[in-house]
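Engineer: The structure follows.
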Amino acid sequence: AAGGPLPVLRPAAVPALRILSDAPLRHPALVGYLSSRGIVPSVAAAFCREVRYEVNGRAFFAVGFRNDAEGWELRSERFKGGSSPKHIIDNRSDTVIAFEGFMDFLAYLSLKHPERLRIDAAVLNSVVNLPKAIPFLSRHPVIHAFFDNDEAGRKTTADLIRLCPRSEVIDQRYFYSGHKDVNDYLIARIKGHAEKLPATKNISETKAVQALRNNLQALKAETAEIEPPRRKGVKI
């Protein structure tokens, strides 16, 4: 009726996502998805699982990255979702690397491959989780921030500096400027090197890219650019 109260508009209910199972990564679609993002297979195998989940009675599968709440961040070519708590890797180091999402974390490890991670790491899975990660991050004298090259990444870096006044926060975004994030940087480097390879009739571009991805020696120079500087007494 005219003059009556306006109806309350509520967002559509989000269907509950139920995890069915997890297993080692094997499905070609998921392996291919990670390969398209430049992730080294051994890195993916170490940190990811093949997760099957259900939404509204329909079963799906995705790459799963476990978070600190025993839930999962899920990614595939067609899906991005999860419960979004942070993920912490504590190697008892005085240096920590911090990422906005797990794909950037995997990209960093792929650039460093075959070196193993010896320092601590924090994957926020969402910038809104920064306050939850501060108790862990602030105990480190040195924090390397690998956030996105956008306004949210700029603000998160500034907040990190403000919330960790006793730590040296190093903004690493400079080293992948011109790219949205670390993963985009990795993909661009792989593509750039693939375009420089001599064309042959017997090797397709896809095989050339795969060969390069499996042996990232050609990316050593670029890897050094975003590698945290070595500090006395700290193995990175």
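Identifiers in the structure tokens: chain A, B, ... in order shown; residue index from 1 per chain; ligand index from 1 in order shown.
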For stretch 26-38 of chain A, list every protein, DNA or RNA residue within 8 Å, evaluated using only C-alpha atoms, and leave out those in the same chain fewer than 4 positions away; present the list as a ChimeraX atom specification.
Structural biologist: /A:44,50,62-63,76-77,107,110,183,186-187,190,210,213
Engineer: Selected residues, N, CA, C and O atoms, written as a PDB file, in the first residue's frame, please.
Structural biologist:
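To be explicit, this is the file written out as out.pdb:
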ATOM      1  N   ALA A  44      52.615 -28.200  -6.348  1.00  0.00           N
ATOM      2  CA  ALA A  44      51.179 -28.443  -6.220  1.00  0.00           C
ATOM      3  C   ALA A  44      50.911 -29.698  -5.394  1.00  0.00           C
ATOM      4  O   ALA A  44      50.034 -29.705  -4.524  1.00  0.00           O
ATOM      5  N   GLU A  50      43.111 -32.917  -4.251  1.00  0.00           N
ATOM      6  CA  GLU A  50      41.945 -32.967  -5.125  1.00  0.00           C
ATOM      7  C   GLU A  50      40.722 -33.140  -4.234  1.00  0.00           C
ATOM      8  O   GLU A  50      40.550 -34.181  -3.602  1.00  0.00           O
ATOM      9  N   ALA A  62      37.628 -29.788  -7.254  1.00  0.00           N
ATOM     10  CA  ALA A  62      38.465 -28.602  -7.404  1.00  0.00           C
ATOM     11  C   ALA A  62      39.807 -28.843  -6.737  1.00  0.00           C
ATOM     12  O   ALA A  62      39.981 -29.809  -5.975  1.00  0.00           O
ATOM     13  N   VAL A  63      40.753 -27.963  -7.020  1.00  0.00           N
ATOM     14  CA  VAL A  63      42.023 -27.960  -6.305  1.00  0.00           C
ATOM     15  C   VAL A  63      41.749 -27.410  -4.913  1.00  0.00           C
ATOM     16  O   VAL A  63      41.127 -26.362  -4.747  1.00  0.00           O
ATOM     17  N   SER A  76      39.224 -23.924  -9.330  1.00  0.00           N
ATOM     18  CA  SER A  76      39.244 -24.675 -10.581  1.00  0.00           C
ATOM     19  C   SER A  76      39.064 -23.650 -11.694  1.00  0.00           C
ATOM     20  O   SER A  76      38.956 -22.448 -11.431  1.00  0.00           O
ATOM     21  N   GLU A  77      39.015 -24.124 -12.923  1.00  0.00           N
ATOM     22  CA  GLU A  77      38.833 -23.215 -14.046  1.00  0.00           C
ATOM     23  C   GLU A  77      37.520 -22.450 -13.936  1.00  0.00           C
ATOM     24  O   GLU A  77      37.408 -21.312 -14.393  1.00  0.00           O
ATOM     25  N   ALA A 107      52.894 -19.829  -6.664  1.00  0.00           N
ATOM     26  CA  ALA A 107      53.698 -19.225  -7.731  1.00  0.00           C
ATOM     27  C   ALA A 107      55.084 -18.852  -7.223  1.00  0.00           C
ATOM     28  O   ALA A 107      56.094 -19.055  -7.906  1.00  0.00           O
ATOM     29  N   SER A 110      57.074 -21.917  -6.944  1.00  0.00           N
ATOM     30  CA  SER A 110      57.429 -22.407  -8.282  1.00  0.00           C
ATOM     31  C   SER A 110      58.608 -21.622  -8.845  1.00  0.00           C
ATOM     32  O   SER A 110      59.474 -22.181  -9.513  1.00  0.00           O
ATOM     33  N   ASN A 183      51.421 -14.506  -9.240  1.00  0.00           N
ATOM     34  CA  ASN A 183      51.066 -15.537 -10.207  1.00  0.00           C
ATOM     35  C   ASN A 183      51.031 -14.995 -11.628  1.00  0.00           C
ATOM     36  O   ASN A 183      51.510 -15.641 -12.569  1.00  0.00           O
ATOM     37  N   LEU A 186      54.558 -14.748 -12.812  1.00  0.00           N
ATOM     38  CA  LEU A 186      55.099 -16.044 -13.211  1.00  0.00           C
ATOM     39  C   LEU A 186      54.595 -16.446 -14.589  1.00  0.00           C
ATOM     40  O   LEU A 186      55.374 -16.878 -15.458  1.00  0.00           O
ATOM     41  N   ILE A 187      53.292 -16.302 -14.840  1.00  0.00           N
ATOM     42  CA  ILE A 187      52.715 -16.675 -16.131  1.00  0.00           C
ATOM     43  C   ILE A 187      53.336 -15.850 -17.256  1.00  0.00           C
ATOM     44  O   ILE A 187      53.662 -16.373 -18.328  1.00  0.00           O
ATOM     45  N   ILE A 190      56.895 -17.113 -17.994  1.00  0.00           N
ATOM     46  CA  ILE A 190      56.875 -18.365 -18.747  1.00  0.00           C
ATOM     47  C   ILE A 190      56.511 -18.098 -20.206  1.00  0.00           C
ATOM     48  O   ILE A 190      57.146 -18.616 -21.128  1.00  0.00           O
ATOM     49  N   GLN A 210      55.518 -26.570 -21.455  1.00  0.00           N
ATOM     50  CA  GLN A 210      55.563 -27.604 -20.420  1.00  0.00           C
ATOM     51  C   GLN A 210      56.994 -27.957 -20.060  1.00  0.00           C
ATOM     52  O   GLN A 210      57.336 -28.127 -18.885  1.00  0.00           O
ATOM     53  N   ARG A 213      58.350 -25.254 -17.951  1.00  0.00           N
ATOM     54  CA  ARG A 213      57.765 -25.239 -16.617  1.00  0.00           C
ATOM     55  C   ARG A 213      58.397 -26.316 -15.746  1.00  0.00           C
ATOM     56  O   ARG A 213      58.586 -26.135 -14.551  1.00  0.00           O
TER      57      ARG A 213
END
Engineer: Expressed in Å to a single decimal, how great is the separation between atom CA of A:Glu115 and atom CA of A:Ala45?
Structural biologist: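 Interatomic distance, atom CA of A:Glu115 to atom CA of A:Ala45: 15.1 Å.
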Engineer: Fewer than 2 positions away in the same chain doesn't count, so skip those; otherwise give me all residues within 12 Å of A:Thr157, counting only C-alpha atoms, as a PyMOL selection string.
Structural biologist: chain A and resi 98-100+127+130+143-155+159-164+168-173
Engineer: Output N, CA, C and O atoms for every residue in that selection, as a compact mmCIF listing (two decimals), in the first residue's frame.
Structural biologist:
# COMPACT_ATOMS: atom_id res chain seq x y z
N ALA A 98 54.44 -13.08 3.31
CA ALA A 98 52.99 -12.98 3.44
C ALA A 98 52.34 -12.79 2.07
O ALA A 98 52.81 -11.97 1.27
N PHE A 99 51.27 -13.53 1.82
CA PHE A 99 50.58 -13.51 0.53
C PHE A 99 49.09 -13.30 0.75
O PHE A 99 48.52 -13.70 1.76
N GLU A 100 48.47 -12.72 -0.27
CA GLU A 100 47.03 -12.48 -0.22
C GLU A 100 46.25 -13.77 -0.50
O GLU A 100 45.25 -14.06 0.14
N VAL A 127 42.22 -10.44 2.26
CA VAL A 127 42.86 -9.36 3.01
C VAL A 127 42.13 -9.05 4.31
O VAL A 127 42.73 -8.49 5.24
N LEU A 130 43.80 -10.19 7.62
CA LEU A 130 45.07 -9.64 8.11
C LEU A 130 45.09 -9.51 9.63
O LEU A 130 46.07 -9.94 10.27
N ILE A 143 59.38 -8.97 7.65
CA ILE A 143 58.18 -9.45 6.96
C ILE A 143 58.26 -9.03 5.49
O ILE A 143 58.39 -7.84 5.20
N HIS A 144 58.21 -9.98 4.58
CA HIS A 144 58.17 -9.69 3.14
C HIS A 144 56.72 -9.80 2.69
O HIS A 144 56.10 -10.86 2.78
N ALA A 145 56.16 -8.68 2.21
CA ALA A 145 54.75 -8.63 1.81
C ALA A 145 54.63 -8.75 0.29
O ALA A 145 55.17 -7.95 -0.45
N PHE A 146 53.90 -9.77 -0.16
CA PHE A 146 53.68 -10.04 -1.58
C PHE A 146 52.19 -9.88 -1.91
O PHE A 146 51.54 -10.81 -2.38
N PHE A 147 51.64 -8.69 -1.67
CA PHE A 147 50.21 -8.48 -1.91
C PHE A 147 49.97 -7.99 -3.34
O PHE A 147 50.90 -7.69 -4.08
N ASP A 148 48.70 -7.92 -3.71
CA ASP A 148 48.34 -7.56 -5.09
C ASP A 148 48.70 -6.11 -5.42
O ASP A 148 48.72 -5.24 -4.53
N ASN A 149 48.93 -5.87 -6.69
CA ASN A 149 49.20 -4.52 -7.18
C ASN A 149 47.88 -3.81 -7.48
O ASN A 149 47.57 -3.50 -8.63
N ASP A 150 47.10 -3.56 -6.44
CA ASP A 150 45.86 -2.80 -6.59
C ASP A 150 45.64 -2.03 -5.29
O ASP A 150 46.48 -2.05 -4.38
N GLU A 151 44.52 -1.33 -5.20
CA GLU A 151 44.27 -0.50 -4.03
C GLU A 151 44.17 -1.34 -2.76
O GLU A 151 44.66 -0.94 -1.70
N ALA A 152 43.54 -2.50 -2.87
CA ALA A 152 43.43 -3.38 -1.69
C ALA A 152 44.80 -3.85 -1.23
O ALA A 152 45.08 -3.90 -0.02
N GLY A 153 45.68 -4.16 -2.18
CA GLY A 153 47.03 -4.58 -1.83
C GLY A 153 47.83 -3.46 -1.21
O GLY A 153 48.60 -3.67 -0.26
N ARG A 154 47.65 -2.25 -1.74
CA ARG A 154 48.35 -1.09 -1.18
C ARG A 154 47.89 -0.84 0.26
O ARG A 154 48.71 -0.60 1.16
N LYS A 155 46.58 -0.89 0.47
CA LYS A 155 46.05 -0.64 1.81
C LYS A 155 46.48 -1.73 2.78
O LYS A 155 46.81 -1.44 3.95
N ASP A 159 48.51 -1.21 6.17
CA ASP A 159 47.98 -1.70 7.44
C ASP A 159 48.99 -2.61 8.13
O ASP A 159 49.15 -2.56 9.37
N LEU A 160 49.67 -3.44 7.36
CA LEU A 160 50.67 -4.35 7.92
C LEU A 160 51.81 -3.55 8.57
O LEU A 160 52.26 -3.88 9.67
N ILE A 161 52.26 -2.51 7.89
CA ILE A 161 53.32 -1.66 8.44
C ILE A 161 52.85 -1.00 9.74
O ILE A 161 53.59 -0.93 10.73
N ARG A 162 51.60 -0.54 9.74
CA ARG A 162 51.06 0.13 10.93
C ARG A 162 50.87 -0.83 12.10
O ARG A 162 51.14 -0.48 13.25
N LEU A 163 50.43 -2.06 11.81
CA LEU A 163 50.12 -3.02 12.86
C LEU A 163 51.33 -3.78 13.37
O LEU A 163 51.25 -4.45 14.41
N CYS A 164 52.44 -3.70 12.64
CA CYS A 164 53.68 -4.37 13.06
C CYS A 164 54.82 -3.35 13.16
O CYS A 164 55.80 -3.41 12.41
N GLU A 168 60.42 -4.99 10.37
CA GLU A 168 60.78 -4.36 9.10
C GLU A 168 59.91 -4.98 8.01
O GLU A 168 60.10 -6.15 7.66
N VAL A 169 58.94 -4.23 7.52
CA VAL A 169 58.04 -4.73 6.48
C VAL A 169 58.59 -4.31 5.12
O VAL A 169 58.75 -3.12 4.85
N ILE A 170 58.89 -5.28 4.27
CA ILE A 170 59.45 -5.03 2.95
C ILE A 170 58.37 -5.26 1.90
O ILE A 170 57.86 -6.38 1.75
N ASP A 171 57.99 -4.20 1.21
CA ASP A 171 56.95 -4.27 0.17
C ASP A 171 57.57 -4.81 -1.11
O ASP A 171 58.36 -4.14 -1.77
N GLN A 172 57.21 -6.03 -1.48
CA GLN A 172 57.80 -6.70 -2.64
C GLN A 172 57.04 -6.41 -3.93
O GLN A 172 57.44 -6.89 -5.00
N ARG A 173 55.98 -5.62 -3.88
CA ARG A 173 55.17 -5.39 -5.08
C ARG A 173 55.97 -4.70 -6.19
O ARG A 173 55.65 -4.86 -7.37
Engineer: As a PyMOL selection string, which residues of stretch 70-175 of chain A does DSSP assign to alpha helix (DSSP H)?
Structural biologist: chain A and resi 102-112+130-137+151-163
Engineer: Out of A:Lys191, A:Lys80, A:Arg92, A:His87, which residue has the shortest atom-to-atom distance to A:Asn129 when counting only C-alpha atoms?
Structural biologist: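 Of A:Lys191, A:Lys80, A:Arg92, A:His87, the one nearest A:Asn129, counting only C-alpha atoms, is A:His87.
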Engineer: What are the DSSP strand (DSSP E) residues of stretch 20-77 of chain A, as an MDAnalysis selection string?
Structural biologist: chainID A and resid 20:23 49:55 58:66 72:75
Engineer: Please save C-alpha atoms of the selected residues as a compact mmCIF listing (two decimals), in the first residue's frame.
Structural biologist:
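See again19.txt below for the written result:
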# COMPACT_ATOMS: atom_id res chain seq x y z
CA LEU A 20 32.84 -35.07 0.34
CA SER A 21 36.46 -36.22 0.17
CA ASP A 22 40.03 -35.25 -0.60
CA ALA A 23 42.77 -37.19 -2.34
CA ARG A 49 44.69 -31.89 -2.77
CA GLU A 50 41.94 -32.97 -5.12
CA VAL A 51 38.77 -32.09 -3.24
CA ARG A 52 35.31 -33.33 -4.13
CA TYR A 53 32.42 -31.27 -2.81
CA GLU A 54 28.67 -30.99 -3.11
CA VAL A 55 26.39 -27.99 -3.70
CA ARG A 58 25.41 -31.86 -7.24
CA ALA A 59 28.99 -33.10 -6.92
CA PHE A 60 32.01 -31.15 -8.19
CA PHE A 61 35.76 -31.26 -7.79
CA ALA A 62 38.47 -28.60 -7.40
CA VAL A 63 42.02 -27.96 -6.31
CA GLY A 64 41.97 -27.68 -2.52
CA PHE A 65 44.34 -25.75 -0.25
CA ARG A 66 43.75 -26.48 3.43
CA TRP A 72 39.53 -25.60 2.24
CA GLU A 73 40.18 -22.89 -0.28
CA LEU A 74 38.89 -24.31 -3.58
CA ARG A 75 39.92 -23.37 -7.11
Engineer: Rank nothing, just name the residue among A:Leu106, A:Ile134, A:Val142, A:Ile97 nearest to A:Ala121, using only C-alpha atoms.
Structural biologist: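 Result for the nearest residue to A:Ala121: A:Ile97.
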